[in-house]
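Participant: Structure file model_11.cif (mmCIF, C-alpha atoms) is given on the next line.
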data_work
loop_
_atom_site.label_atom_id
_atom_site.label_comp_id
_atom_site.auth_asym_id
_atom_site.auth_seq_id
_atom_site.Cartn_x
_atom_site.Cartn_y
_atom_site.Cartn_z
CA MET A 25 -15.66 -11.48 -10.34
CA MET A 26 -13.22 -9.05 -11.87
CA ARG A 27 -11.86 -10.13 -15.22
CA LEU A 28 -10.77 -7.42 -17.63
CA GLN A 29 -11.14 -4.83 -14.88
CA ILE A 30 -7.83 -5.52 -13.21
CA VAL A 31 -5.21 -4.17 -15.63
CA LEU A 32 -3.04 -2.31 -13.16
CA ALA A 33 -1.70 1.06 -14.13
CA LEU A 34 1.98 1.34 -13.21
CA THR A 35 2.38 5.08 -13.71
CA SER A 36 3.14 7.83 -11.22
CA LEU A 37 3.81 6.93 -7.57
CA ILE A 38 3.45 9.52 -4.80
CA CYS A 39 6.89 11.00 -4.28
CA LEU A 40 7.98 9.94 -0.82
CA VAL A 41 10.85 11.92 0.63
CA GLY A 42 12.41 12.44 4.02
CA SER A 43 12.51 10.20 7.03
CA VAL A 44 9.95 10.13 9.84
CA THR A 45 10.02 7.81 12.82
CA ALA A 46 7.28 5.18 12.94
CA ARG A 47 6.62 2.42 15.47
CA GLU A 48 5.65 -1.08 14.45
CA VAL A 49 1.95 -1.86 14.41
CA GLU A 50 0.47 -5.29 13.98
CA GLU A 51 -2.85 -5.99 12.26
CA GLY A 52 -5.88 -5.50 14.45
CA ASP A 53 -5.08 -2.05 15.81
CA PRO A 54 -8.21 0.10 16.21
CA PRO A 55 -9.05 2.48 13.32
CA THR A 56 -7.94 5.69 15.01
CA HIS A 57 -7.76 7.35 11.59
CA VAL A 58 -11.54 7.81 11.68
CA GLU A 59 -11.35 9.74 14.93
CA ALA A 60 -8.37 11.76 13.70
CA ALA A 61 -10.19 12.70 10.49
CA LYS A 62 -13.15 13.97 12.51
CA MET A 63 -10.84 16.11 14.66
CA ILE A 64 -9.45 17.75 11.54
CA SER A 65 -12.90 18.27 10.03
CA ASP A 66 -14.18 19.89 13.24
CA ALA A 67 -11.16 22.18 13.48
CA LEU A 68 -11.49 23.34 9.88
CA THR A 69 -15.19 24.05 10.35
CA GLN A 70 -14.66 26.02 13.58
CA ALA A 71 -11.82 28.01 12.01
CA LYS A 72 -14.25 29.98 9.87
CA ASP A 73 -15.30 32.02 12.91
CA GLN A 74 -11.87 32.34 14.54
CA SER A 75 -9.19 34.99 14.44
CA ALA A 76 -5.90 34.13 12.73
CA GLU A 77 -4.20 33.74 16.12
CA ALA A 78 -6.93 31.46 17.49
CA ARG A 79 -6.99 29.49 14.26
CA LEU A 80 -3.25 28.87 14.41
CA GLU A 81 -3.46 27.72 18.02
CA SER A 82 -6.32 25.38 17.15
CA TYR A 83 -4.51 23.96 14.12
CA GLN A 84 -1.35 23.33 16.11
CA ARG A 85 -3.29 21.56 18.84
CA VAL A 86 -5.11 19.34 16.34
CA ALA A 87 -1.93 18.63 14.37
CA LYS A 88 -0.23 17.39 17.52
CA ALA A 89 -3.22 15.24 18.50
CA VAL A 90 -3.49 13.72 15.01
CA GLN A 91 0.18 12.71 15.03
CA GLU A 92 -0.24 11.15 18.47
CA LYS A 93 -3.26 9.15 17.29
CA CYS A 94 -1.59 8.10 14.03
CA PRO A 95 2.09 7.66 14.96
CA ASN A 96 2.71 5.26 12.06
CA ASN A 97 1.43 7.56 9.35
CA VAL A 98 4.63 8.87 7.83
CA LEU A 99 2.90 10.87 5.10
CA ILE A 100 0.79 12.83 7.57
CA ALA A 101 3.74 13.42 9.89
CA GLU A 102 5.78 14.87 7.03
CA LYS A 103 3.02 17.23 5.93
CA LEU A 104 2.19 18.51 9.42
CA GLN A 105 5.77 18.85 10.60
CA ALA A 106 6.73 20.86 7.50
CA ALA A 107 3.96 23.45 8.08
CA ASP A 108 5.19 26.62 9.80
CA ASN A 109 2.29 29.12 9.59
CA VAL A 110 -1.50 29.17 9.62
CA GLU A 111 -1.82 28.88 5.83
CA THR A 112 0.57 25.99 5.36
CA LEU A 113 -0.80 24.25 8.45
CA GLU A 114 -4.36 24.51 7.15
CA LYS A 115 -3.23 23.06 3.81
CA ALA A 116 -1.40 20.22 5.58
CA LEU A 117 -4.48 19.45 7.68
CA ARG A 118 -6.67 19.31 4.58
CA GLN A 119 -4.17 16.95 2.91
CA SER A 120 -4.08 14.85 6.07
CA TYR A 121 -7.87 14.69 6.11
CA ASP A 122 -7.84 13.40 2.51
CA ILE A 123 -5.42 10.64 3.56
CA LEU A 124 -7.34 9.70 6.72
CA SER A 125 -10.76 9.71 5.07
CA PHE A 126 -9.67 7.70 2.04
CA GLU A 127 -11.73 4.56 1.47
CA MET A 128 -10.50 1.85 -0.87
CA LYS A 129 -12.99 0.85 -3.56
CA HIS A 130 -13.74 -2.85 -3.21
CA GLU A 131 -13.64 -4.68 -6.54
CA ALA A 132 -12.74 -8.24 -5.50
CA ASP A 133 -12.38 -10.30 -2.35
CA LEU A 134 -9.09 -10.92 -0.53
CA PRO A 135 -7.57 -14.41 -0.67
CA GLU A 136 -8.49 -16.63 2.26
CA GLY A 137 -6.88 -15.50 5.53
CA PHE A 138 -5.26 -12.35 4.12
CA PRO A 139 -4.85 -9.33 6.43
CA GLU A 140 -6.79 -6.17 5.68
CA PRO A 141 -5.08 -3.49 3.54
CA THR A 142 -2.83 -1.03 5.35
CA PRO A 143 -4.25 2.51 5.82
CA VAL A 144 -2.81 5.04 3.39
CA GLY A 145 0.41 6.58 4.67
CA GLU A 146 1.04 4.03 7.42
CA ILE A 147 3.97 1.66 7.75
CA ARG A 148 3.06 -1.68 9.30
CA VAL A 149 4.39 -5.16 9.78
CA LYS A 150 1.99 -7.64 8.16
CA HIS A 151 1.68 -11.41 8.46
CA TYR A 152 0.39 -13.41 5.48
CA PRO A 153 -0.77 -17.03 5.54
CA ALA A 154 0.45 -19.53 2.95
CA TYR A 155 -1.36 -18.98 -0.36
CA ARG A 156 -1.49 -20.18 -3.96
CA LEU A 157 -0.99 -18.06 -7.06
CA ALA A 158 -0.57 -18.15 -10.82
CA ARG A 159 2.62 -16.37 -11.85
CA THR A 160 4.14 -15.28 -15.16
CA GLU A 161 7.27 -13.37 -16.10
CA SER A 162 6.57 -9.79 -17.17
CA GLN A 163 9.84 -8.14 -18.15
CA ARG A 164 8.61 -7.19 -21.63
CA ASP A 165 4.90 -6.87 -20.89
CA SER A 166 2.65 -6.85 -17.86
CA GLY A 167 1.75 -10.52 -18.20
CA PHE A 168 -1.87 -9.65 -17.53
CA PHE A 169 -3.45 -11.35 -20.53
CA LYS A 170 -1.56 -14.61 -19.93
CA LEU A 171 -2.91 -14.63 -16.38
CA LEU A 172 -6.40 -13.69 -17.54
CA ALA A 173 -6.41 -16.62 -19.96
CA HIS A 174 -5.23 -18.93 -17.17
CA ILE A 175 -7.96 -18.06 -14.67
CA THR A 176 -10.61 -18.01 -17.40
CA VAL A 177 -9.76 -21.49 -18.70
CA ASN A 178 -9.49 -22.87 -15.16
CA ARG A 179 -12.58 -21.03 -13.89
CA ILE A 180 -10.67 -19.34 -11.09
CA GLU A 181 -12.35 -16.26 -9.60
CA MET A 182 -10.35 -13.03 -9.57
CA THR A 183 -9.15 -11.76 -6.21
CA ALA A 184 -7.41 -8.60 -5.06
CA PRO A 185 -4.62 -7.75 -4.76
CA VAL A 186 -2.64 -8.52 -7.90
CA GLU A 187 0.99 -9.13 -6.97
CA MET A 188 4.02 -7.76 -8.83
CA THR A 189 7.67 -8.14 -7.86
CA TYR A 190 10.60 -5.91 -8.77
CA GLN A 191 14.39 -6.04 -8.81
CA SER A 192 17.15 -3.51 -9.45
CA SER A 193 18.32 -3.13 -13.04
CA GLU A 194 21.80 -2.16 -14.24
CA ASP A 195 20.93 1.55 -14.10
CA LYS A 196 19.78 1.16 -10.44
CA SER A 197 16.11 1.66 -11.31
CA LEU A 198 13.57 -1.04 -10.50
CA GLU A 199 12.18 -3.28 -13.21
CA GLN A 200 9.19 -5.56 -12.96
CA VAL A 201 10.08 -9.24 -12.77
CA ASP A 202 6.69 -10.92 -12.76
CA MET A 203 2.98 -10.59 -12.14
CA ALA A 204 0.70 -12.98 -10.28
CA PHE A 205 -3.01 -13.50 -9.71
CA LEU A 206 -3.73 -14.90 -6.25
CA TYR A 207 -6.12 -17.79 -5.75
CA GLY A 208 -8.90 -17.18 -3.26
CA ASP A 209 -8.48 -20.67 -1.77
CA PRO A 210 -5.03 -22.34 -1.46
CA LYS A 211 -6.61 -25.70 -2.28
CA LEU A 212 -7.77 -24.60 -5.75
CA GLY A 213 -5.89 -25.64 -8.85
CA GLU A 214 -2.83 -27.83 -9.23
CA VAL A 215 0.65 -26.76 -8.11
CA GLY A 216 3.29 -26.88 -10.82
CA LYS A 217 0.78 -26.73 -13.65
CA LYS A 218 2.27 -24.58 -16.40
CA MET A 219 0.33 -23.47 -19.44
CA GLY A 220 1.02 -20.56 -21.75
CA GLY A 221 3.87 -19.25 -19.64
CA VAL A 222 1.85 -19.30 -16.39
CA LYS A 223 2.94 -21.46 -13.44
CA VAL A 224 0.85 -22.30 -10.37
CA GLU A 225 2.90 -22.01 -7.17
CA ASP A 226 2.40 -22.22 -3.42
CA VAL A 227 3.84 -19.32 -1.43
CA PRO A 228 4.75 -20.06 2.21
CA ALA A 229 3.51 -17.86 5.04
CA MET A 230 5.50 -14.64 5.20
CA THR A 231 5.98 -11.39 7.09
CA THR A 232 6.43 -8.03 5.36
CA VAL A 233 6.93 -4.39 6.19
CA CYS A 234 4.39 -2.44 4.18
CA ILE A 235 3.16 1.06 3.38
CA GLY A 236 -0.32 1.82 2.05
CA LEU A 237 -0.59 4.35 -0.80
CA LYS A 238 -3.25 5.89 -3.02
CA GLY A 239 -3.26 7.32 -6.51
CA GLU A 240 -1.36 6.09 -9.54
CA SER A 241 1.91 4.21 -9.21
CA ASP A 242 5.13 4.99 -11.04
CA ARG A 243 7.82 2.34 -11.29
CA ALA A 244 10.50 5.05 -11.46
CA LYS A 245 9.59 6.15 -7.91
CA LEU A 246 9.43 2.69 -6.36
CA ALA A 247 13.11 2.85 -5.45
CA GLU A 248 12.32 5.77 -3.12
CA VAL A 249 9.67 3.72 -1.34
CA GLU A 250 12.10 0.81 -1.13
CA GLN A 251 14.65 3.07 0.58
CA ARG A 252 12.01 4.36 2.97
CA LEU A 253 11.06 0.84 4.05
CA GLU A 254 14.71 -0.18 4.41
CA LYS A 255 15.33 2.88 6.62
CA TRP A 256 12.30 1.94 8.70
CA LEU A 257 13.75 -1.55 9.19
CA ALA A 258 17.07 -0.10 10.33
CA ARG A 259 15.42 2.39 12.69
CA GLU A 260 12.25 0.72 13.99
CA GLY A 261 12.41 -2.94 13.05
CA SER A 262 15.93 -3.84 14.10
CA GLU A 263 14.87 -7.41 14.98
CA TYR A 264 14.01 -7.99 11.31
CA GLU A 265 16.04 -8.21 8.12
CA ARG A 266 15.02 -8.06 4.48
CA ALA A 267 14.14 -11.43 2.96
CA GLY A 268 13.08 -10.88 -0.65
CA LYS A 269 12.28 -8.65 -3.62
CA LEU A 270 10.13 -5.53 -3.44
CA ARG A 271 6.43 -6.26 -4.01
CA LEU A 272 3.62 -4.04 -5.24
CA LEU A 273 0.10 -5.20 -4.39
CA GLY A 274 -2.52 -3.52 -6.57
CA TYR A 275 -6.14 -3.54 -5.44
CA ASN A 276 -7.92 -1.50 -8.12
CA SER A 277 -8.49 -1.51 -11.86
CA PRO A 278 -8.23 1.38 -14.35
CA GLN A 279 -12.03 1.70 -14.09
CA VAL A 280 -11.36 3.37 -10.75
CA ALA A 281 -10.27 7.00 -11.11
CA SER A 282 -6.49 7.31 -10.75
CA GLN A 283 -6.69 9.43 -7.60
CA SER A 284 -8.92 6.82 -5.98
CA ARG A 285 -6.78 3.75 -6.60
CA TYR A 286 -5.17 1.95 -3.67
CA TYR A 287 -2.02 -0.16 -3.53
CA GLU A 288 0.62 -1.35 -1.08
CA VAL A 289 4.40 -1.54 -1.43
CA GLU A 290 6.15 -4.18 0.65
CA LEU A 291 9.45 -5.78 1.57
CA PRO A 292 9.41 -9.41 2.75
CA ILE A 293 11.21 -9.64 6.11
CA ARG A 294 12.25 -12.28 8.65
CA LYS A 295 13.51 -12.38 12.22
CA LYS A 296 17.29 -12.09 12.50
#
Can I see the file as structure tokens?
Facilitator:
Amino acid sequence: MMRLQIVLALTSLICLVGSVTAREVEEGDPPTHVEAAKMISDALTQAKDQSAEARLESYQRVAKAVQEKCPNNVLIAEKLQAADNVETLEKALRQSYDILSFEMKHEADLPEGFPEPTPVGEIRVKHYPAYRLARTESQRDSGFFKLLAHITVNRIEMTAPVEMTYQSSEDKSLEQVDMAFLYGDPKLGEVGKKMGGVKVEDVPAMTTVCIGLKGESDRAKLAEVEQRLEKWLAREGSEYERAGKLRLLGYNSPQVASQSRYYEVELPIRKK
């Protein structure tokens, strides 16, 4: 039911630096982030009545437990491992709580059979079923209004996410290649139909390595995320190899406050 709501803002991506080990997790793992968030909340509340020494000991214990419960969350691991005193550790725990307690605002349904979005900060391997989409080139503009006209004329309901693909330009930065609206049902529409620069295509089932992120996105920083995912493949997913262009999946519209928007960045992969 989203129409004009879904213009995706491609400005400012969280700066992702460093390298933290993460193990592969398939969809269906239990939501341990809820339990980890509660541990942090309890520790911060109890700290008000503790001495600095006791507070540090408590923070260190909780930080270790949170990392054990959320071993795939590279953003949390970086924040907690960089903290070296009670003040910086408390700040890192508060930032970790914000990540763990984040809830994506639902504006449209997922396409049929799609896996649930990846928790913010986690790297996961995801498996997608075959699906149908309407795609348009978007090197000079986002392509949004062409796609909007297409689904309006064809009475296709909006889904989330909106898919965008990127490739390296001559100056090594990433540039957007196209944008696509995903059909909720792969039997809708007519494959190959092209009108106003929009083509309906079927996408075969695929596997990706993905990280969930929140906030605004910045195309200039996507290369850093791409490098992070490639390093993860080399370190943790050695049985896989890259199999396609970088994808950004946007789930929220500009009507959602920038700090509350959710998106995923992915690399298609395949077994070697």
Participant: For segment 224-242 of chain A, take all atoms listed in the file, fit an axis-aligned box around them, add 8 Å to each of the six sides, then output centre and edge lengths in Å rounded to one decimal, as AutoDock Vina command-line options.
Facilitator:
--center_x 1.8 --center_y -7.5 --center_z -2.0 --size_x 26.2 --size_y 45.6 --size_z 34.1
Participant: Residues near segment 110-118 of chain A, anyone? I mean within 9 Å using only C-alpha atoms, not counting same-chain ones fewer than 6 positions away, as number ranges by chain.
Facilitator: A: 64-65, 68, 76-77, 79-81, 83-84, 86-87, 100, 103-104
Participant: Determine, counting all atoms listed in the file, which protein, DNA and RNA residues have an atom within 10 Å of an atom of Pro210 of chain A; residues of the same chain fewer than 3 positions away are not included. Present the result as a compact mmCIF listing (two decimals) with C-alpha atoms, keeping the file's coordinate frame.
Facilitator:
# COMPACT_ATOMS: atom_id res chain seq x y z
CA PRO A 135 -7.57 -14.41 -0.67
CA GLU A 136 -8.49 -16.63 2.26
CA GLY A 137 -6.88 -15.50 5.53
CA PRO A 153 -0.77 -17.03 5.54
CA ALA A 154 0.45 -19.53 2.95
CA TYR A 155 -1.36 -18.98 -0.36
CA ARG A 156 -1.49 -20.18 -3.96
CA LEU A 157 -0.99 -18.06 -7.06
CA LEU A 206 -3.73 -14.90 -6.25
CA TYR A 207 -6.12 -17.79 -5.75
CA GLY A 213 -5.89 -25.64 -8.85
CA GLU A 214 -2.83 -27.83 -9.23
CA VAL A 215 0.65 -26.76 -8.11
CA GLU A 225 2.90 -22.01 -7.17
CA ASP A 226 2.40 -22.22 -3.42
CA VAL A 227 3.84 -19.32 -1.43
Participant: To one decimal place, how far is atom CA of Ala173 of chain A from atom CA of Met219 of chain A in Å?
Facilitator: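 Going from atom CA of Ala173 of chain A over to atom CA of Met219 of chain A covers 9.6 Å.
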Participant: Measuring atom to atom with only C-alpha atoms, identify which of A:Gln191, A:Met128, A:Glu240, A:Glu248 is nearest to Leu270 of chain A.
Facilitator: A:Gln191
Participant: Evaluate the PyMOL selection byres ((chain A and resi 230) around 12) and record the selected residues as JSON, numbers by chain, following the chain and residue labels used in the document.
Facilitator: {"A": [138, 139, 149, 150, 151, 152, 153, 154, 155, 226, 227, 228, 229, 231, 232, 233, 266, 267, 268, 290, 291, 292, 293, 294, 295]}
Participant: Restricting the calculation to all atoms listed in the file: of A:Gly261, A:Thr189, A:Lys238, A:Lys269, which residue gets closest to Lys129 of chain A?
Facilitator: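 Ranking A:Gly261, A:Thr189, A:Lys238, A:Lys269 by distance to Lys129 of chain A, first place goes to A:Lys238.
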Participant: Starting from the shown file, work through the PyMOL selection byres ((chain A and resi 283) around 12) and note down what comes out as a PyMOL selection string.
Facilitator: chain A and resi 33+35-38+122-123+126-129+237-241+276-282+284-287
